[in-house]
Each structure stands twice: as structure tokens, then as C-alpha cells.
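Undergrad: Sharing a structure, written as C-alpha cells. Questions coming.
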Amino acid sequence: MSKFNHSVKVPTQYKVTAKILKAALEKQRSIKSLIFEEKHARVRSLHAVLNHYSENRGAVDNAIAETGLLKDNPNLDICLAKVLVTELIFGRKSLNGDSKPVQTVRSYEEKLHQVIGESGYKKKELNPRYVRINTNIFSLAEALEYLAGEEWRRKELPADASYPDFLVAVKALEEDEFMTDMHVEGVLIFHSKWAHYWASHDLVRSRKLILQNKATCLAAELLAPPAGATVLDMCAAPGMKTLHLCNVMQNKGRIYAVEQSTERYRALCNITEEAGCEIVSPILGDALHLDGQRCPDVEYILVDPSCSGNGMQNRLSLCDEEKDDHRLYKLAGLQIKILSHAMCAFPNVKRIAYCTCSLWKEENEQVVQRCLQMNPSFKLLSCKKALRNKWQNVGDKEYANIGKNCLYCLPDSDLTDGIFVALFEKRKEGDTDN
């Protein structure tokens, strides 16, 4: 007689989390976007399980194989097994319910721990936690006062510190220390241990602090619209870069924030409203249908289009270097169309920032090259110079006069997500510089 009660169902949060993991692995989708699309509210609380799997994927997969968990139980769903093992070993250290899959994984707990211990597994070293101050409603001084009151120690560098000095200091952060970023005002840097701590913090829930990777802050930092400017964010949802633009502009001027997905548009409206953005005008629609009449006086444009996203550290894929040429071709076509439209449709534009969370040249240097060919009235500015030359990774030198002016954030060397940024300026009459 079976020792399992087959009438006991697997808890819904485990089943839906396994579905999300399967999509992330098979379709190279980001965990954040998949959870955002998921309607089941409790799954949002299991974001931690998916992050634990991402961080410990090698150990989980090896332990499942070495213990024979799937071989001995061929009817056990692979992704459900990964979720349950991750939760049991690296997550809450316990499992809910008495369904057959849950009891099966529980019965292997001792073997799983033994395999992981014998393998000499060391947890992947994570990049630091970045937290940005929303200066609409919370000042740097208030943030520093709060942190001091909570007994955080501020680690400071001399004013003439180099970028390598900065990276060494970030890597050496003690668990009770924090730093302010050398490039982006209002970005605080904490030890990776505190990633989940800040994710559930009251100051984050109240939008006084924003969880935003440093790399994704560089687009607004480099675009640098002044207070009082008119800005167009062509692909705005979920709204983190829109909010950062608002902070850069001191909440003065106007930002047209465009999103064509109804659900993502609602999220954009909610985030910007909760964050005290008084200058944002959300637009539900296709950015390719907008022009200088619908959005008058636009001077600065942020183009952050859909991309492959292979630079994001919260993305799971079957192979880190897997490349889908057909998908890249289609994405690049859309990216060229949107960036070129930004260059053509707004007569008062002065500067455009183009960014992707991709590390593929097809979406980056090649898109920039094509758009400059189509729109010779624009030129590239040097992102590295804009950062006072305190940067290392630029574009591919194979692309003459393009690569050296673009910027890459690389996870292993810059301790951030993988991001590409290019900065364009409208030529003045008689300007023939490359």
C-alpha cells in the first residue's frame, strides 16, 4: 500500500513558482517580468525561492542528479523538484503540506545535504545591493541620518579615488557598512547579504528608497536633463527610470512617460504617483505614434526598448551564452525603428540616451551604427568622458567612432547588472565632428 495520500494537492504557490521557473529556463525570460505577469498573489512572496535557485543553481541541479531524486521518481516534475529542493535546502528550510511531491523531497533531505556538503560547494559571490534615494520625498541627509541611527557605518573614499579603488572598496564592504556611489548621486551600496532585508523594508514600501541596480541608473544620469526640461521616456514601464529622471530634474519640468501595455501602464501610474512624481504625464499608447505635436517641446529622450535582457542578473537561461539570432534580428529591427523615430519626430530634441539590458552587439553597437547612418544630424557623445573618465568598459573597437563612445556595465567587473548605454546629441549647424 502507498505511504502517500495522493488526494493531497501540491500547494498552489509551489506549482505556480515551478511554472515560472520553467518559463525562465526555457524561454530566457526574466524572473521579475514573469512574476509581474502572474496573477496569483502568493507567488510574489516566493520571489526569494527563485532568487535562491538562481544563486545556487549548480548545487541544486547537481544534488538532484547525485541523489537520484528524479531517476527514482520519474513522475516528479523537474521544475517542481528544483523549487522544492531549493526551498528545503537554501530557502525556508522546510516545506508546506503533505502532498506526494513534498513528502518525496523531504525523504531525500539528508541525502541532499550530504551531497552538497561533500561537493565542497561554495555559494556564488553576489554583487552588492544597490538602493537609490527617491529625492522627491526623502533627502540624502535624511537617509544618512536614518542609517546612522540604525548603526550602519559609512565607508568613505578620498575625493581623488580612482574607479578601481572604488571597486576594491565595494568588494571589501563589511556587513554593517555602506557606501555612496561615485557616479550616481543618491545611490547607496550595501553588502549582498542585505538584498532580501531591503526588499521588505518599510522605507522601500513607502517609496522613499527604491531598489534599483546602479547600472540601470546610468541612463538618466548620462541623459542629465536639467530642472525645468521637457523629457520623453519612450518605453517607460514599470517606471524606475522615469522616477530617476524626475529626481534628476528635481521634480521640475515635464516627463511624458509612454507605455502601450495596459497592465504595465497601470503599474507605471501607480509607481510614479506613490513616489511623488508631480511632473510625469503618463501616456497609454505606442511611442511610434507620437510626435512633436502630441508631445510638444521635447528636448531630452530616453529610449529603453524591449531587448533580449541577457545582461540582467535575475534572468535564468539554459545556457548563459545561448544566442537566438532570429530573435535578436527581430528585436534589433524594433530597436532601430524606435531610436530612429526619436531622432526624427521631435524637432526640439537636444540629447537622446539609448540603453538596453543586453550584452549582444546586434542590439547595441549595430543599432547605434544603423541609426547614425539613417540620421546624420546626430552624433555620439563619450559616456566615459561624461563620467569623468572614471569607467573601464566601453563598446567594441571594431565599430569605429562608435564603440569607444558607448558604455557597458559588466556584472563581473563593474559589480552590476549588464547594461549598454549610448548618448546622442543633435548637431549644431556646421558641426561635422564624428
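Residues in the C-alpha cells are named by chain (A, B, ... in the order shown) and by number from 1 within that chain; ligands are numbered from 1 in the order shown.
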Give me the residues near A:Arg154 as a ChimeraX atom specification, where near means some atom within 6 Å (using only C-alpha atoms) and where sequence neighbours in that chain fewer than 3 positions away do not count.

TA: /A:177-179

Undergrad: Write out, as a PDB file, in the first residue's frame, the residues just selected, with N, CA, C and O atoms.

TA:
ATOM      1  N   GLU A 177      28.527  47.926   6.898  1.00  0.00           N
ATOM      2  CA  GLU A 177      28.962  49.141   6.210  1.00  0.00           C
ATOM      3  C   GLU A 177      28.098  49.422   4.981  1.00  0.00           C
ATOM      4  O   GLU A 177      27.458  48.538   4.427  1.00  0.00           O
ATOM      5  N   PHE A 178      28.134  50.686   4.554  1.00  0.00           N
ATOM      6  CA  PHE A 178      27.524  51.071   3.290  1.00  0.00           C
ATOM      7  C   PHE A 178      28.379  52.168   2.659  1.00  0.00           C
ATOM      8  O   PHE A 178      29.202  52.806   3.331  1.00  0.00           O
ATOM      9  N   MET A 179      28.199  52.373   1.360  1.00  0.00           N
ATOM     10  CA  MET A 179      28.903  53.432   0.642  1.00  0.00           C
ATOM     11  C   MET A 179      27.915  54.216  -0.196  1.00  0.00           C
ATOM     12  O   MET A 179      26.828  53.730  -0.503  1.00  0.00           O
TER      13      MET A 179
END

Undergrad: Find the spatial neighbours of stretch 104-120 of chain A, counting only C-alpha atoms, within a cut-off of 9 Å - ignore same-chain residues fewer than 2 positions away - and output them as a list in words.

TA: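 Here the answer would be Phe4, Ala59, Val60, Asn62, Ala63, Ile64, Glu66, Thr67, Leu69, Asn73, Leu76, Ala81, Leu84, Val85, Leu88, Ile89, Ser94, Leu95, Ser99, Lys100, Pro101, Val102 and Lys122 of chain A.
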
Undergrad: Next, dump the selected residues to file, keeping only N, CA, C and O atoms, as a compact mmCIF listing (two decimals), in the first residue's frame.

TA:
# COMPACT_ATOMS: atom_id res chain seq x y z
N PHE A 4 1.86 7.38 0.55
CA PHE A 4 1.45 8.74 0.24
C PHE A 4 -0.06 8.84 0.11
O PHE A 4 -0.73 7.92 -0.38
N ALA A 59 24.51 23.87 -7.47
CA ALA A 59 24.41 22.97 -6.32
C ALA A 59 23.09 22.21 -6.31
O ALA A 59 23.04 21.01 -6.04
N VAL A 60 21.99 22.91 -6.63
CA VAL A 60 20.67 22.27 -6.63
C VAL A 60 20.60 21.19 -7.72
O VAL A 60 20.19 20.05 -7.46
N ASN A 62 23.02 19.62 -9.27
CA ASN A 62 23.95 18.52 -9.00
C ASN A 62 23.41 17.61 -7.90
O ASN A 62 23.50 16.37 -7.99
N ALA A 63 22.83 18.21 -6.86
CA ALA A 63 22.30 17.41 -5.75
C ALA A 63 21.13 16.55 -6.20
O ALA A 63 21.01 15.38 -5.79
N ILE A 64 20.28 17.10 -7.05
CA ILE A 64 19.15 16.33 -7.58
C ILE A 64 19.65 15.13 -8.39
O ILE A 64 19.15 14.01 -8.27
N GLU A 66 22.78 13.67 -8.25
CA GLU A 66 23.59 12.73 -7.47
C GLU A 66 22.75 11.88 -6.51
O GLU A 66 23.10 10.73 -6.23
N THR A 67 21.66 12.43 -6.00
CA THR A 67 20.82 11.66 -5.08
C THR A 67 19.85 10.74 -5.81
O THR A 67 19.23 9.87 -5.18
N LEU A 69 17.08 11.66 -7.19
CA LEU A 69 15.71 12.08 -6.88
C LEU A 69 14.77 11.91 -8.07
O LEU A 69 13.68 11.33 -7.95
N ASN A 73 12.12 8.80 -9.03
CA ASN A 73 10.73 9.29 -9.03
C ASN A 73 10.42 9.94 -10.38
O ASN A 73 10.30 11.18 -10.48
N LEU A 76 7.90 12.81 -10.96
CA LEU A 76 8.08 14.10 -10.29
C LEU A 76 8.50 15.15 -11.31
O LEU A 76 9.49 14.98 -12.03
N ALA A 81 10.57 19.87 -8.68
CA ALA A 81 11.63 19.32 -7.84
C ALA A 81 12.68 20.39 -7.53
O ALA A 81 13.15 20.49 -6.39
N LEU A 84 11.22 22.76 -4.89
CA LEU A 84 11.10 22.17 -3.56
C LEU A 84 12.47 21.96 -2.91
O LEU A 84 12.65 22.23 -1.71
N VAL A 85 13.44 21.49 -3.69
CA VAL A 85 14.79 21.28 -3.15
C VAL A 85 15.40 22.62 -2.75
O VAL A 85 16.03 22.75 -1.69
N LEU A 88 13.83 23.80 0.47
CA LEU A 88 14.21 22.96 1.61
C LEU A 88 15.66 23.18 2.04
O LEU A 88 15.96 23.20 3.23
N ILE A 89 16.55 23.38 1.09
CA ILE A 89 17.98 23.45 1.40
C ILE A 89 18.48 24.89 1.55
O ILE A 89 19.25 25.21 2.45
N SER A 94 12.16 24.34 5.12
CA SER A 94 11.02 23.48 5.39
C SER A 94 10.05 23.59 4.22
O SER A 94 10.14 24.52 3.41
N LEU A 95 9.12 22.63 4.12
CA LEU A 95 8.15 22.61 3.03
C LEU A 95 6.74 22.52 3.61
O LEU A 95 6.51 21.86 4.64
N SER A 99 1.65 16.72 0.38
CA SER A 99 1.42 16.13 -0.95
C SER A 99 2.55 15.16 -1.26
O SER A 99 3.63 15.19 -0.64
N LYS A 100 2.34 14.29 -2.24
CA LYS A 100 3.34 13.29 -2.59
C LYS A 100 4.68 13.92 -2.99
O LYS A 100 5.74 13.50 -2.51
N PRO A 101 4.70 14.95 -3.89
CA PRO A 101 5.99 15.56 -4.23
C PRO A 101 6.72 16.16 -3.03
O PRO A 101 7.94 16.03 -2.91
N VAL A 102 5.97 16.79 -2.14
CA VAL A 102 6.58 17.40 -0.96
C VAL A 102 7.19 16.33 -0.05
O VAL A 102 8.33 16.44 0.40
N LYS A 122 30.56 26.13 -2.77
CA LYS A 122 30.62 27.47 -2.21
C LYS A 122 29.61 28.34 -2.94
O LYS A 122 29.58 28.36 -4.17

Undergrad: Here is a test: counting only C-alpha atoms, which residue of A:Leu302, A:Leu218, A:Val394, A:Ala386 is nearest to A:Val184?

TA: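 So, comparing all the options, the nearest one is A:Leu218.
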
Undergrad: For each of A:Ala195, A:Gly333, A:Gly186, A:Arg351, take the minimum atom-to-atom distance to A:Ala229, counting only C-alpha atoms, then give the residue where this is smallest.

TA: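 Looking only at the distances to A:Ala229, the closest residue turns out to be A:Arg351.
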
Undergrad: Considering only C-alpha atoms, return as JSON, numbers by chain whatever protein or nucleic-acid residues lie within 10 Å of A:Leu407, sequence-local ones (same chain, fewer than 3 positions apart) excluded.

TA: {"A": [218, 355, 364, 382, 383, 384, 391, 392, 393, 394, 395, 396, 403, 404, 410, 419, 420, 421, 422, 423]}

Undergrad: Apply DSSP to the backbone of this structure and, from stretch 178-425 of chain A, keep only the residues in strand (DSSP E or B); write these as a ChimeraX atom specification.

TA: /A:178-180,187-190,209-211,230-233,254-259,280-284,300-303,315,351-356,378-381,394,407-409,419-425

Undergrad: Set the distance at 9 Å and use only C-alpha atoms: which residues neighbour A:Ser192 once local chain neighbours fewer than 5 positions away are removed? I'd like the list as a list in words.

TA: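 Residues meeting the cut-off are Glu125, Leu126, Asn127, Pro128, Arg129, Tyr130 and Glu175 of chain A.
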
Undergrad: Take atom CA of A:Gly311 and atom CA of A:His183 and report the distance between them in Å, one decimal.

TA: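 It comes out at 19.9 Å.
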
Undergrad: Do you have the atom CA of A:Tyr121-atom CA of A:Lys82 distance handy?

TA: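 Going from atom CA of A:Tyr121 over to atom CA of A:Lys82 covers 17.0 Å.
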
Undergrad: Restricting the calculation to only C-alpha atoms: of A:His326, A:Lys9, A:Lys22, A:His52, which residue gets closest to A:Asp98?

TA: A:Lys9

Undergrad: Among stretch 253-343 of chain A, which ones does DSSP assign to helix (DSSP H, G or I) (computed from the backbone)? Answer as a ChimeraX atom specification.

TA: /A:262-274,287-289,325-343

Undergrad: Using only C-alpha atoms, which of the listed residues (A:Leu209, A:Ala332, A:Met312, A:Ala18) sits closest to A:Ile137?

TA: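 Closest to A:Ile137 of all the choices is A:Leu209.
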
Undergrad: Could you pull the residues within 12 Å of A:Glu156, counting only C-alpha atoms, minus those fewer than 2 positions along the same chain, as a PyMOL selection string?

TA: chain A and resi 153-154+158-161+165-166+169-170+173+177-182+188-189

Undergrad: For the residues in the current selection, export C-alpha atoms as a PDB file, in the first residue's frame.

TA:
ATOM      1  CA  ARG A 153      28.813  52.590   9.272  1.00  0.00           C
ATOM      2  CA  ARG A 154      29.517  54.771   6.240  1.00  0.00           C
ATOM      3  CA  PRO A 158      39.065  60.177  -0.787  1.00  0.00           C
ATOM      4  CA  ALA A 159      37.800  62.625  -3.401  1.00  0.00           C
ATOM      5  CA  ASP A 160      40.556  61.640  -5.830  1.00  0.00           C
ATOM      6  CA  ALA A 161      39.855  57.886  -5.610  1.00  0.00           C
ATOM      7  CA  ASP A 165      39.884  51.949  -5.927  1.00  0.00           C
ATOM      8  CA  PHE A 166      36.116  52.279  -5.710  1.00  0.00           C
ATOM      9  CA  ALA A 169      36.243  49.176  -1.634  1.00  0.00           C
ATOM     10  CA  VAL A 170      32.827  47.863  -2.710  1.00  0.00           C
ATOM     11  CA  LEU A 173      32.340  46.117   2.294  1.00  0.00           C
ATOM     12  CA  GLU A 177      28.962  49.141   6.210  1.00  0.00           C
ATOM     13  CA  PHE A 178      27.524  51.071   3.290  1.00  0.00           C
ATOM     14  CA  MET A 179      28.903  53.432   0.642  1.00  0.00           C
ATOM     15  CA  THR A 180      27.563  56.157  -1.608  1.00  0.00           C
ATOM     16  CA  ASP A 181      28.150  55.587  -5.309  1.00  0.00           C
ATOM     17  CA  MET A 182      30.885  57.512  -7.135  1.00  0.00           C
ATOM     18  CA  LEU A 188      23.647  53.653  -1.648  1.00  0.00           C
ATOM     19  CA  ILE A 189      25.635  50.404  -1.736  1.00  0.00           C
TER      20      ILE A 189
END

Undergrad: Which polymer residues have any atom within 8 Å of an atom of A:Ser340, counting only C-alpha atoms, with same-chain residues fewer than 5 positions away left out, as a ChimeraX atom specification?

TA: /A:371,374-375

Undergrad: Please produce a file of those selected residues containing N, CA and C atoms, as a CSV table (one decimal), in the first residue's frame.

TA:
chain,number,residue,atom,x,y,z
A,371,CYS,N,21.4,53.7,-36.9
A,371,CYS,CA,20.7,54.9,-36.6
A,371,CYS,C,21.5,56.1,-36.9
A,374,MET,N,21.3,56.5,-40.7
A,374,MET,CA,20.0,57.0,-41.1
A,374,MET,C,19.7,58.4,-40.7
A,375,ASN,N,20.4,58.9,-39.6
A,375,ASN,CA,20.2,60.2,-39.1
A,375,ASN,C,21.5,60.9,-38.8
